[in-house]
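Beneath this line is the structure, given in structure tokens, with notes to follow.
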Amino acid sequence: MDIKYLNLKRYIPQKDMPCVLAATLMGFLNHFLYQLSGGSAFAALFCPVNESVWEHLKLLFFPILFVTVVEYIKYRPEVIPFFYRRFLAAVCAMTATVTLFYTYTGIIGRNFLFMDITIFLFSILTAFYVDTRLRRRRIRNASQSAAFSLWCMVSLCFFVFTCFPPDIPLFFSASG
């Protein structure tokens, strides 16, 4: 496929591209931050501590959350729909990651770094595409406490399951 035919502007507005790039860059940097921090407990909360799929979902969730907070501070969109919409977008991105990773590794029998990076990039784009689609619709029946509670609950799950991972494949390290 010729790259000139991949017109992202059709799917994600130009004004959102800095957010896409920032989330992507933060995700790449977060991959190495725990190791570079010397195993800091604080870094462990937000960065992968092993090669499990669960830990690598942090590469999507926290950069999207950070970009969302920065974008809210800068532009002050309507708070409830904005945070709720971005939460749904982050969940869609994480779902895409899990689905694509387990599908291709289930078929092939192993993972490849190139495919994992491609899935990460696709998932970031998925998040901002979903956000764009939801922006066009009016979100009703969402409360401010629900929007923030969802972000907090998933963050808490990342924190708790980093310290106490359940004994299921999603939490197993691929390197161990």
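Lettering and numbering for the structure tokens are positional, with chains as A, B, ... in the shown order, residues counted from 1 in each chain, and ligands counted from 1 in the shown order.
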
inquiry  = I need the residues in range 13-124 of chain A that are helix (DSSP H, G or I) according to DSSP; give them as a PyMOL selection string.
reply    = chain A and resi 14-36+41-46+53-56+58-75+79-108+113-124

Those selected residues, please, written with C-alpha atoms and delivered as a PDB file, in the first residue's frame.
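Printed below is selection-v8.pdb as written:
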```
ATOM      1  CA  GLN A  14      -5.306  17.440  12.292  1.00  0.00           C
ATOM      2  CA  LYS A  15      -5.697  19.255  15.621  1.00  0.00           C
ATOM      3  CA  ASP A  16      -5.529  15.888  17.436  1.00  0.00           C
ATOM      4  CA  MET A  17      -2.279  14.793  15.783  1.00  0.00           C
ATOM      5  CA  PRO A  18      -0.039  16.416  18.438  1.00  0.00           C
ATOM      6  CA  CYS A  19      -1.936  14.382  21.050  1.00  0.00           C
ATOM      7  CA  VAL A  20      -1.494  11.209  18.987  1.00  0.00           C
ATOM      8  CA  LEU A  21       2.229  11.885  18.671  1.00  0.00           C
ATOM      9  CA  ALA A  22       2.604  12.779  22.351  1.00  0.00           C
ATOM     10  CA  ALA A  23       0.787   9.629  23.500  1.00  0.00           C
ATOM     11  CA  THR A  24       2.875   7.519  21.119  1.00  0.00           C
ATOM     12  CA  LEU A  25       6.148   9.037  22.294  1.00  0.00           C
ATOM     13  CA  MET A  26       5.175   8.699  25.960  1.00  0.00           C
ATOM     14  CA  GLY A  27       4.229   5.070  25.375  1.00  0.00           C
ATOM     15  CA  PHE A  28       7.620   4.337  23.814  1.00  0.00           C
ATOM     16  CA  LEU A  29       9.450   6.142  26.627  1.00  0.00           C
ATOM     17  CA  ASN A  30       7.379   4.453  29.339  1.00  0.00           C
ATOM     18  CA  HIS A  31       8.493   1.098  28.018  1.00  0.00           C
ATOM     19  CA  PHE A  32      12.013   1.809  29.280  1.00  0.00           C
ATOM     20  CA  LEU A  33      11.359   4.150  32.207  1.00  0.00           C
ATOM     21  CA  TYR A  34      11.004   1.462  34.891  1.00  0.00           C
ATOM     22  CA  GLN A  35      14.343  -0.085  33.994  1.00  0.00           C
ATOM     23  CA  LEU A  36      16.025   3.327  33.652  1.00  0.00           C
ATOM     24  CA  ALA A  41       8.320   1.619  42.933  1.00  0.00           C
ATOM     25  CA  PHE A  42       6.736   4.858  41.712  1.00  0.00           C
ATOM     26  CA  ALA A  43       7.719   4.175  38.084  1.00  0.00           C
ATOM     27  CA  ALA A  44       6.355   0.625  38.465  1.00  0.00           C
ATOM     28  CA  LEU A  45       2.867   2.049  38.948  1.00  0.00           C
ATOM     29  CA  PHE A  46       2.850   3.688  35.505  1.00  0.00           C
ATOM     30  CA  VAL A  53       0.390  -8.057  28.039  1.00  0.00           C
ATOM     31  CA  TRP A  54      -1.267  -6.504  31.113  1.00  0.00           C
ATOM     32  CA  GLU A  55       1.812  -4.456  31.964  1.00  0.00           C
ATOM     33  CA  HIS A  56       2.128  -3.299  28.372  1.00  0.00           C
ATOM     34  CA  LYS A  58       0.070   0.794  30.668  1.00  0.00           C
ATOM     35  CA  LEU A  59       1.817   2.056  27.524  1.00  0.00           C
ATOM     36  CA  LEU A  60      -1.605   3.026  26.198  1.00  0.00           C
ATOM     37  CA  PHE A  61      -3.642   3.879  29.264  1.00  0.00           C
ATOM     38  CA  PHE A  62      -1.383   6.296  31.129  1.00  0.00           C
ATOM     39  CA  PRO A  63      -0.131   8.275  28.106  1.00  0.00           C
ATOM     40  CA  ILE A  64      -3.728   8.704  26.922  1.00  0.00           C
ATOM     41  CA  LEU A  65      -4.727   9.810  30.432  1.00  0.00           C
ATOM     42  CA  PHE A  66      -1.820  12.266  30.616  1.00  0.00           C
ATOM     43  CA  VAL A  67      -2.547  13.715  27.161  1.00  0.00           C
ATOM     44  CA  THR A  68      -6.216  13.997  28.126  1.00  0.00           C
ATOM     45  CA  VAL A  69      -5.424  15.950  31.297  1.00  0.00           C
ATOM     46  CA  VAL A  70      -3.014  18.278  29.461  1.00  0.00           C
ATOM     47  CA  GLU A  71      -5.505  18.811  26.650  1.00  0.00           C
ATOM     48  CA  TYR A  72      -8.267  19.540  29.160  1.00  0.00           C
ATOM     49  CA  ILE A  73      -6.100  22.108  30.964  1.00  0.00           C
ATOM     50  CA  LYS A  74      -5.179  23.774  27.668  1.00  0.00           C
ATOM     51  CA  TYR A  75      -8.564  23.833  25.897  1.00  0.00           C
ATOM     52  CA  VAL A  79     -15.473  18.118  31.201  1.00  0.00           C
ATOM     53  CA  ILE A  80     -17.869  15.168  31.512  1.00  0.00           C
ATOM     54  CA  PRO A  81     -18.144  14.155  27.855  1.00  0.00           C
ATOM     55  CA  PHE A  82     -14.442  14.793  27.260  1.00  0.00           C
ATOM     56  CA  PHE A  83     -13.116  12.529  30.041  1.00  0.00           C
ATOM     57  CA  TYR A  84     -15.789   9.884  29.487  1.00  0.00           C
ATOM     58  CA  ARG A  85     -15.145   9.813  25.729  1.00  0.00           C
ATOM     59  CA  ARG A  86     -11.387   9.524  26.228  1.00  0.00           C
ATOM     60  CA  PHE A  87     -11.885   6.747  28.764  1.00  0.00           C
ATOM     61  CA  LEU A  88     -13.941   4.776  26.254  1.00  0.00           C
ATOM     62  CA  ALA A  89     -11.280   5.442  23.615  1.00  0.00           C
ATOM     63  CA  ALA A  90      -8.534   4.155  25.936  1.00  0.00           C
ATOM     64  CA  VAL A  91     -10.540   1.006  26.677  1.00  0.00           C
ATOM     65  CA  CYS A  92     -11.055   0.415  22.942  1.00  0.00           C
ATOM     66  CA  ALA A  93      -7.309   0.798  22.377  1.00  0.00           C
ATOM     67  CA  MET A  94      -6.516  -1.683  25.142  1.00  0.00           C
ATOM     68  CA  THR A  95      -9.114  -4.102  23.795  1.00  0.00           C
ATOM     69  CA  ALA A  96      -7.592  -3.836  20.317  1.00  0.00           C
ATOM     70  CA  THR A  97      -4.148  -4.567  21.754  1.00  0.00           C
ATOM     71  CA  VAL A  98      -5.237  -7.663  23.654  1.00  0.00           C
ATOM     72  CA  THR A  99      -7.342  -8.976  20.767  1.00  0.00           C
ATOM     73  CA  LEU A 100      -4.713  -8.429  18.078  1.00  0.00           C
ATOM     74  CA  PHE A 101      -1.820  -9.723  20.193  1.00  0.00           C
ATOM     75  CA  TYR A 102      -3.522 -12.942  21.242  1.00  0.00           C
ATOM     76  CA  THR A 103      -4.942 -13.505  17.749  1.00  0.00           C
ATOM     77  CA  TYR A 104      -1.660 -13.238  15.914  1.00  0.00           C
ATOM     78  CA  THR A 105       0.379 -15.086  18.562  1.00  0.00           C
ATOM     79  CA  GLY A 106      -2.294 -17.777  18.708  1.00  0.00           C
ATOM     80  CA  ILE A 107      -2.040 -18.287  14.963  1.00  0.00           C
ATOM     81  CA  ILE A 108       1.739 -18.006  14.629  1.00  0.00           C
ATOM     82  CA  LEU A 113       8.687  -7.213  18.162  1.00  0.00           C
ATOM     83  CA  PHE A 114       7.743  -5.626  14.840  1.00  0.00           C
ATOM     84  CA  MET A 115       4.151  -6.884  15.177  1.00  0.00           C
ATOM     85  CA  ASP A 116       3.958  -5.768  18.817  1.00  0.00           C
ATOM     86  CA  ILE A 117       5.074  -2.245  17.889  1.00  0.00           C
ATOM     87  CA  THR A 118       2.630  -2.180  14.982  1.00  0.00           C
ATOM     88  CA  ILE A 119      -0.200  -3.208  17.318  1.00  0.00           C
ATOM     89  CA  PHE A 120       0.797  -0.456  19.762  1.00  0.00           C
ATOM     90  CA  LEU A 121       0.725   2.176  17.006  1.00  0.00           C
ATOM     91  CA  PHE A 122      -2.568   0.844  15.647  1.00  0.00           C
ATOM     92  CA  SER A 123      -4.057   0.930  19.154  1.00  0.00           C
ATOM     93  CA  ILE A 124      -3.038   4.559  19.729  1.00  0.00           C
TER      94      ILE A 124
END
```
